[in-house]
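Visitor: File follows, final08.pdb with PDB, C-alpha atoms and all ligand atoms:
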```
MODEL        1
ATOM      1  CA  MET A  56      -2.395  -8.279 -30.174
ATOM      2  CA  PHE A  57      -1.412  -9.174 -33.747
ATOM      3  CA  TYR A  58       0.079 -12.470 -34.773
ATOM      4  CA  PHE A  59      -0.096 -15.157 -37.453
ATOM      5  CA  ARG A  60      -3.600 -16.557 -37.871
ATOM      6  CA  VAL A  61      -5.143 -19.337 -39.941
ATOM      7  CA  ASN A  62      -8.918 -19.265 -40.044
ATOM      8  CA  GLU A  63     -11.457 -22.094 -40.172
ATOM      9  CA  ASN A  64     -11.393 -22.162 -44.012
ATOM     10  CA  CYS A  65      -8.126 -24.120 -43.848
ATOM     11  CA  HIS A  66      -8.509 -27.651 -45.273
ATOM     12  CA  GLY A  67      -5.005 -28.771 -44.360
ATOM     13  CA  CYS A  68      -3.465 -29.047 -47.851
ATOM     14  CA  LEU A  69      -0.064 -27.850 -46.541
ATOM     15  CA  ALA A  70       0.586 -25.708 -49.624
ATOM     16  CA  CYS A  71       1.597 -22.885 -47.300
ATOM     17  CA  MET A  72       4.148 -25.028 -45.503
ATOM     18  CA  GLU A  73       5.582 -26.448 -48.718
ATOM     19  CA  ASN A  74       6.070 -22.956 -50.157
ATOM     20  CA  CYS A  75       7.382 -21.219 -47.076
ATOM     21  CA  PRO A  76      10.954 -20.095 -47.843
ATOM     22  CA  ALA A  77      11.823 -19.774 -44.178
ATOM     23  CA  CYS A  78      10.622 -23.167 -42.909
ATOM     24  CA  ALA A  79       8.401 -21.246 -40.523
ATOM     25  CA  LEU A  80       5.452 -23.591 -41.010
ATOM     26  CA  ALA A  81       5.210 -27.221 -39.969
ATOM     27  CA  PHE A  82       2.530 -29.746 -39.152
ATOM     28  CA  ILE A  83       1.922 -32.658 -36.903
ATOM     29  CA  ASP A  84      -0.569 -35.493 -37.475
ATOM     30  CA  GLN A  85      -1.544 -36.992 -34.177
ATOM     31  CA  ASP A  86      -4.551 -38.881 -32.833
ATOM     32  CA  GLY A  87      -6.292 -38.590 -36.177
ATOM     33  CA  ARG A  88      -5.909 -34.812 -36.326
ATOM     34  CA  ARG A  89      -3.603 -32.467 -38.245
ATOM     35  CA  THR A  90      -2.182 -29.388 -36.545
ATOM     36  CA  LEU A  91      -0.530 -26.677 -38.607
ATOM     37  CA  LYS A  92       2.231 -24.931 -36.677
ATOM     38  CA  HIS A  93       3.865 -21.556 -37.177
ATOM     39  CA  ASN A  94       7.104 -20.239 -35.759
ATOM     40  CA  MET A  95       7.121 -16.455 -35.431
ATOM     41  CA  ILE A  96      10.890 -16.268 -34.927
ATOM     42  CA  LYS A  97      11.593 -18.031 -38.227
ATOM     43  CA  CYS A  98       8.857 -16.209 -40.162
ATOM     44  CA  ALA A  99      10.190 -13.637 -42.651
ATOM     45  CA  ARG A 100       6.749 -12.010 -43.098
ATOM     46  CA  CYS A 101       7.090 -12.527 -46.844
ATOM     47  CA  GLY A 102       3.390 -13.270 -47.400
ATOM     48  CA  GLN A 103       4.035 -16.334 -49.576
ATOM     49  CA  CYS A 104       1.731 -18.506 -47.460
ATOM     50  CA  TRP A 105      -1.016 -15.920 -47.759
ATOM     51  CA  ARG A 106      -0.562 -15.698 -51.553
ATOM     52  CA  ILE A 107      -0.462 -19.461 -52.112
ATOM     53  CA  CYS A 108      -3.297 -20.568 -49.836
ATOM     54  CA  PRO A 109      -6.221 -21.795 -52.026
ATOM     55  CA  GLN A 110      -8.660 -21.220 -49.177
ATOM     56  CA  ARG A 111      -7.698 -17.652 -48.271
ATOM     57  CA  ALA A 112      -7.225 -19.089 -44.806
ATOM     58  CA  VAL A 113      -3.988 -17.332 -43.861
ATOM     59  CA  GLU A 114      -4.803 -13.997 -42.304
ATOM     60  CA  PHE A 115      -1.405 -12.582 -43.024
ATOM     61  CA  GLN A 116      -2.556  -8.964 -42.874
ATOM     62  CA  ASP A 117      -2.274  -9.205 -39.092
ATOM     63  CA  LEU A 118       1.482  -9.437 -39.510
ATOM     64  CA  LEU A 119       1.612  -6.299 -41.621
ATOM     65  CA  VAL A 120      -0.143  -3.984 -39.220
ATOM     66  CA  GLY A 121       2.522  -1.777 -37.752
ATOM     67  CA  GLN A 122       1.189  -0.695 -34.424
ATOM     68  CA  TRP A 123       1.945  -0.719 -30.730
ATOM     69  CA  ASP A 124       0.225  -3.462 -28.748
ATOM     70  CA  ASP A 125      -0.631  -2.955 -25.104
ATOM     71  CA  VAL A 126       1.230  -5.565 -23.081
ATOM     72  CA  ILE A 127       0.502  -4.416 -19.539
ATOM     73  CA  THR A 128      -1.307  -1.537 -17.815
ATOM     74  CA  LEU A 129      -0.317  -0.480 -14.310
ATOM     75  CA  ASP A 130      -1.579   1.966 -11.704
ATOM     76  CA  LEU A 131       0.538   5.097 -11.230
ATOM     77  CA  VAL A 132       1.785   7.176  -8.323
ATOM     78  CA  HIS A 133       1.548  10.921  -9.034
ATOM     79  CA  CYS A 134       3.595  13.884  -7.843
ATOM     80  CA  ARG A 135       1.836  15.049  -4.708
ATOM     81  CA  VAL A 136       2.320  18.715  -5.702
ATOM     82  CA  CYS A 137       1.449  18.908  -9.403
ATOM     83  CA  GLY A 138      -0.071  15.505 -10.115
ATOM     84  CA  GLU A 139       2.460  14.497 -12.795
ATOM     85  CA  ALA A 140       2.511  10.723 -13.345
ATOM     86  CA  LEU A 141       5.689   9.239 -11.868
ATOM     87  CA  TYR A 142       5.913   5.447 -11.510
ATOM     88  CA  SER A 143       3.957   2.408 -10.408
ATOM     89  CA  PRO A 144       3.240   1.658  -6.727
ATOM     90  CA  ALA A 145       5.263  -1.558  -7.075
ATOM     91  CA  TYR A 146       8.290   0.395  -8.351
ATOM     92  CA  ARG A 147       7.968   2.826  -5.454
ATOM     93  CA  GLN A 148       7.796  -0.066  -3.004
ATOM     94  CA  LYS A 149      10.912  -1.613  -4.541
ATOM     95  CA  VAL A 150      12.867   1.656  -4.263
ATOM     96  CA  GLU A 151      11.726   2.185  -0.685
ATOM     97  CA  SER A 152      12.754  -1.301   0.331
ATOM     98  CA  LYS A 153      16.191  -0.834  -1.325
ATOM     99  CA  LEU A 154      16.708   2.533   0.393
ATOM    100  CA  ASN A 155      15.082   1.335   3.592
ATOM    101  CA  ALA A 156      13.249   4.675   3.691
ATOM    102  CA  THR A 157      10.010   6.204   2.499
ATOM    103  CA  HIS A 158      10.210   8.045  -0.803
ATOM    104  CA  GLU A 159       8.230  11.267  -1.347
ATOM    105  CA  PRO A 160       6.274  11.024  -4.593
ATOM    106  CA  LEU A 161       7.596  14.181  -6.271
ATOM    107  CA  CYS A 162       8.390  15.022  -9.879
ATOM    108  CA  PRO A 163      11.972  16.243 -10.617
ATOM    109  CA  LYS A 164      10.891  19.904 -10.444
ATOM    110  CA  HIS A 165       9.145  19.584  -7.102
ATOM    111  CA  ARG A 166      11.810  17.302  -5.699
ATOM    112  CA  GLN A 167      14.212  20.210  -6.192
ATOM    113  CA  SER A 168      12.001  22.685  -4.323
ATOM    114  CA  TYR A 169      11.392  20.063  -1.642
ATOM    115  CA  ALA A 170      15.158  19.613  -1.204
ATOM    116  CA  ALA A 171      15.606  23.397  -1.094
ATOM    117  CA  SER A 172      13.025  23.662   1.684
ATOM    118  CA  MET A 173      14.795  20.921   3.636
ATOM    119  CA  TRP A 174      18.324  22.310   3.177
ATOM    120  CA  PRO A 175      17.938  26.059   2.440
ATOM    121  CA  HIS A 176      21.615  26.771   3.256
ATOM    122  CA  LEU A 177      22.646  24.746   0.200
ATOM    123  CA  VAL A 178      20.720  27.049  -2.136
ATOM    124  CA  PRO A 179      23.012  29.764  -3.624
ATOM    125  CA  GLY A 180      22.346  33.156  -2.023
ATOM    126  CA  LYS A 181      20.741  31.683   1.093
ATOM    127  CA  ALA A 182      22.386  32.197   4.470
ATOM    128  CA  LYS A 183      24.312  29.390   6.063
ATOM    129  CA  PRO A 184      22.621  28.044   9.167
ATOM    130  CA  ASN A 185      24.070  28.982  12.496
ATOM    131  CA  LEU A 186      25.694  25.815  13.752
ATOM    132  CA  GLY A 187      26.696  27.431  17.016
ATOM    133  CA  GLY A 188      30.124  28.549  18.261
ATOM    134  CA  LYS A 189      31.954  29.201  14.953
TER     135      LYS A 189
HETATM  136  S1  LIG B 201      -2.317 -23.490 -47.701
HETATM  137 FE1  LIG B 201      -4.138 -22.663 -46.671
HETATM  138  S2  LIG B 201      -5.570 -24.357 -46.659
HETATM  139 FE2  LIG B 201      -3.579 -25.210 -47.117
HETATM  140  S3  LIG B 201      -2.809 -25.826 -45.079
HETATM  141 FE3  LIG B 201      -2.054 -23.762 -45.502
HETATM  142  S4  LIG B 201      -3.548 -22.435 -44.535
HETATM  143 FE4  LIG B 201      -4.519 -24.405 -44.728
HETATM  144  S1  LIG B 202       4.997 -15.186 -44.179
HETATM  145 FE1  LIG B 202       6.576 -16.174 -45.432
HETATM  146  S2  LIG B 202       8.090 -16.870 -43.932
HETATM  147 FE2  LIG B 202       6.218 -16.445 -42.777
HETATM  148  S3  LIG B 202       5.139 -18.385 -42.673
HETATM  149 FE3  LIG B 202       4.348 -17.305 -44.468
HETATM  150  S4  LIG B 202       5.594 -18.074 -46.174
HETATM  151 FE4  LIG B 202       6.679 -18.576 -44.278
ENDMDL
END
```
Rewrite the structure of this file - the entire thing - as structure tokens.
Guide:
Amino acid sequence: MFYFRVNENCHGCLACMENCPACALAFIDQDGRRTLKHNMIKCARCGQCWRICPQRAVEFQDLLVGQWDDVITLDLVHCRVCGEALYSPAYRQKVESKLNATHEPLCPKHRQSYAASMWPHLVPGKAKPNLGGK
């Protein structure tokens, strides 16, 4: 996960805050301690704080790394015919509870062949079932 960092070289001069064009830095002095604060929503990623810091304490490069961060990893249910990954067990449970029925874990391709095996008369070219009488 990448975000704004200030390392232990910081000596609290506030040059970064005073030169931030977006008012994305602030500080609070409380109980004899100074806390430097950063607001990611306000931050324009301009790098001014990084350039101005006399201590090289702003690790701004973390904000310039364009990459995907993992935010969550879930187990997966797979198609029971071909093994293609489908959805999470929790998603399946949600769908089943909404439909009030069990849901076969099948990929779109195998769901089609499953439906065809259940209702062959609906497949073009297949004979209609004998419903008796007519
Ligand atoms: S300019 Fe650098 S040393 Fe000064 S408060 Fe900001 S991060 Fe700390
Ligand atoms: S990158 Fe720019 S906008 Fe963001 S905190 Fe630093 S000086 Fe402010």
Visitor: I'd like to see the residues matched by the PyMOL selection byres (((chain A and resi 102) around 9) and not hetatm) on this file, and ideally I'd get them as a VMD selection string.
Guide: chain A and resid 75 99 to 101 103 to 107 115 to 116 118
Visitor: Which residues fall under the PyMOL selection byres (((chain A and resi 62) around 10) and not hetatm) in this file, as JSON, numbers by chain?
Guide: {"A": [60, 61, 63, 64, 65, 66, 110, 111, 112, 113, 114]}
Visitor: The PyMOL selection byres (((chain A and resi 163) around 12) and not hetatm) on the file shown: which residues, as a list in words?
Guide: His133, Cys134, Arg135, Val136, Cys137, Glu139, Ala140, Leu141, Glu159, Pro160, Leu161, Cys162, Lys164, His165, Arg166, Gln167, Ser168, Tyr169 and Ala170 of chain A
Visitor: Which residue is closest to Ala145 of chain A? Choose from A:Lys92, A:Leu69, A:Trp123, A:Leu131 and count all atoms listed in the file.
Guide: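 Ranking A:Lys92, A:Leu69, A:Trp123, A:Leu131 by distance to Ala145 of chain A, first place goes to A:Leu131.
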Visitor: Select, from A:Glu73, A:Asp125, A:Asp84, A:Glu151, the residue with the minimum atom-to-atom distance to ligand LIG 202 (chain B), counting all atoms listed in the file.
Guide: A:Glu73
Visitor: Would you place a box with edges along x, y and z of the file around all atoms of segment 79-82 of chain A listed there, add 3 Å to each of its six sides, and report the centre and edge lengths in Å to one decimal, as lines of an AutoDock Vina configuration file?
Guide:
```
center_x = 5.5
center_y = -25.5
center_z = -40.1
size_x = 11.9
size_y = 14.5
size_z = 7.9
```
Visitor: Find the residue from A:Ile83, A:Ala171, A:Ala77, A:Leu91 that sits nearest to ligand LIG 201 (chain B); use all atoms listed in the file when measuring.
Guide: A:Leu91
Visitor: Quick check, in Å to one decimal: how far apart do atom S3 of ligand LIG 201 (chain B) and atom CA of Ile96 of chain A lie?
Guide: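 Atom-to-atom, atom S3 of ligand LIG 201 (chain B) to atom CA of Ile96 of chain A, that is 19.5 Å.
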Visitor: Atom S1 of ligand LIG 202 (chain B) and atom CA of Arg89 of chain A, how far apart in Å?
Guide: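 If I compute the distance from atom CA of Arg89 of chain A to atom S1 of ligand LIG 202 (chain B), I get 20.2 Å.
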Visitor: With only C-alpha atoms as the atoms that count, which of A:Ala81, A:Val126, A:Cys108, A:Leu119 lies nearest to Phe59 of chain A?
Guide: A:Leu119
Visitor: Interatomic distance between atom FE1 of ligand LIG 202 (chain B) and atom CA of Gln85 of chain A?
Guide: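 Atom CA of Gln85 of chain A lies 25.0 Å from atom FE1 of ligand LIG 202 (chain B).
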Visitor: Of the residues A:Val132, A:Met173, A:Ile127, A:Cys98, which is the one nearest to Pro76 of chain A, using all atoms listed in the file?
Guide: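 Smallest distance to Pro76 of chain A is found for A:Cys98.
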Visitor: Of the residues A:Gly67, A:His93, A:Tyr58, A:Thr157, which is the one nearest to ligand LIG 202 (chain B), using all atoms listed in the file?
Guide: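 Of A:Gly67, A:His93, A:Tyr58, A:Thr157, the one nearest ligand LIG 202 (chain B), counting all atoms listed in the file, is A:His93.
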Visitor: Could you extract segment 67-99 of chain A of the given structure into a file holding N, CA and C atoms, as a compact mmCIF listing (two decimals), in the first residue's frame?
Guide:
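Saved to decode-v7.txt:
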```txt
# COMPACT_ATOMS: atom_id res chain seq x y z
N GLY A 67 10.59 18.66 12.35
CA GLY A 67 9.41 19.46 12.68
C GLY A 67 9.49 20.92 12.33
N CYS A 68 10.26 21.30 11.31
CA CYS A 68 10.42 22.72 10.96
C CYS A 68 9.16 23.31 10.31
N LEU A 69 8.32 22.50 9.78
CA LEU A 69 7.06 22.88 9.11
C LEU A 69 7.26 23.59 7.76
N ALA A 70 8.45 23.50 7.21
CA ALA A 70 8.68 24.10 5.89
C ALA A 70 7.76 23.46 4.85
N CYS A 71 7.53 22.20 4.97
CA CYS A 71 6.65 21.50 4.02
C CYS A 71 5.24 22.07 4.09
N MET A 72 4.74 22.24 5.31
CA MET A 72 3.38 22.74 5.48
C MET A 72 3.26 24.17 4.95
N GLU A 73 4.25 24.98 5.27
CA GLU A 73 4.20 26.39 4.86
C GLU A 73 4.29 26.55 3.34
N ASN A 74 4.84 25.59 2.67
CA ASN A 74 5.01 25.69 1.20
C ASN A 74 4.04 24.80 0.42
N CYS A 75 3.15 24.18 1.11
CA CYS A 75 2.18 23.32 0.41
C CYS A 75 1.11 24.19 -0.25
N PRO A 76 0.98 24.14 -1.56
CA PRO A 76 0.01 25.00 -2.25
C PRO A 76 -1.44 24.54 -2.06
N ALA A 77 -1.61 23.34 -1.55
CA ALA A 77 -2.96 22.79 -1.46
C ALA A 77 -3.48 22.73 -0.02
N CYS A 78 -2.72 23.28 0.91
CA CYS A 78 -3.10 23.20 2.33
C CYS A 78 -3.38 21.75 2.75
N ALA A 79 -2.56 20.85 2.23
CA ALA A 79 -2.76 19.44 2.53
C ALA A 79 -1.95 18.99 3.74
N LEU A 80 -1.14 19.91 4.29
CA LEU A 80 -0.36 19.58 5.48
C LEU A 80 -0.78 20.49 6.62
N ALA A 81 -0.76 19.98 7.82
CA ALA A 81 -1.11 20.75 9.00
C ALA A 81 -0.34 20.17 10.17
N PHE A 82 -0.43 20.82 11.31
CA PHE A 82 0.23 20.24 12.48
C PHE A 82 -0.59 20.54 13.71
N ILE A 83 -0.32 19.77 14.73
CA ILE A 83 -0.95 20.02 16.01
C ILE A 83 0.12 19.83 17.09
N ASP A 84 0.21 20.83 17.99
CA ASP A 84 1.11 20.72 19.15
C ASP A 84 0.25 20.39 20.36
N GLN A 85 0.50 19.28 20.94
CA GLN A 85 -0.34 18.84 22.05
C GLN A 85 0.48 18.00 23.02
N ASP A 86 0.28 18.24 24.29
CA ASP A 86 0.97 17.47 25.34
C ASP A 86 2.48 17.44 25.11
N GLY A 87 3.01 18.60 24.69
CA GLY A 87 4.45 18.69 24.51
C GLY A 87 4.99 18.00 23.27
N ARG A 88 4.09 17.61 22.35
CA ARG A 88 4.55 16.91 21.15
C ARG A 88 3.95 17.58 19.91
N ARG A 89 4.66 17.51 18.81
CA ARG A 89 4.17 18.07 17.55
C ARG A 89 3.82 16.92 16.59
N THR A 90 2.63 16.96 16.06
CA THR A 90 2.24 15.95 15.06
C THR A 90 2.00 16.64 13.74
N LEU A 91 2.68 16.17 12.72
CA LEU A 91 2.48 16.67 11.36
C LEU A 91 1.37 15.83 10.74
N LYS A 92 0.41 16.52 10.11
CA LYS A 92 -0.73 15.79 9.54
C LYS A 92 -0.80 16.01 8.02
N HIS A 93 -1.28 15.02 7.34
CA HIS A 93 -1.41 15.10 5.88
C HIS A 93 -2.79 14.64 5.47
N ASN A 94 -3.36 15.38 4.51
CA ASN A 94 -4.70 15.04 4.04
C ASN A 94 -4.60 14.59 2.58
N MET A 95 -4.81 13.33 2.34
CA MET A 95 -4.63 12.75 1.00
C MET A 95 -5.63 13.30 -0.01
N ILE A 96 -6.82 13.65 0.45
CA ILE A 96 -7.83 14.19 -0.47
C ILE A 96 -7.41 15.57 -1.00
N LYS A 97 -6.84 16.38 -0.12
CA LYS A 97 -6.42 17.72 -0.54
C LYS A 97 -5.13 17.69 -1.36
N CYS A 98 -4.29 16.70 -1.12
CA CYS A 98 -2.95 16.66 -1.71
C CYS A 98 -3.00 16.61 -3.23
N ALA A 99 -2.23 17.52 -3.87
CA ALA A 99 -2.19 17.59 -5.33
C ALA A 99 -1.04 16.78 -5.91
```
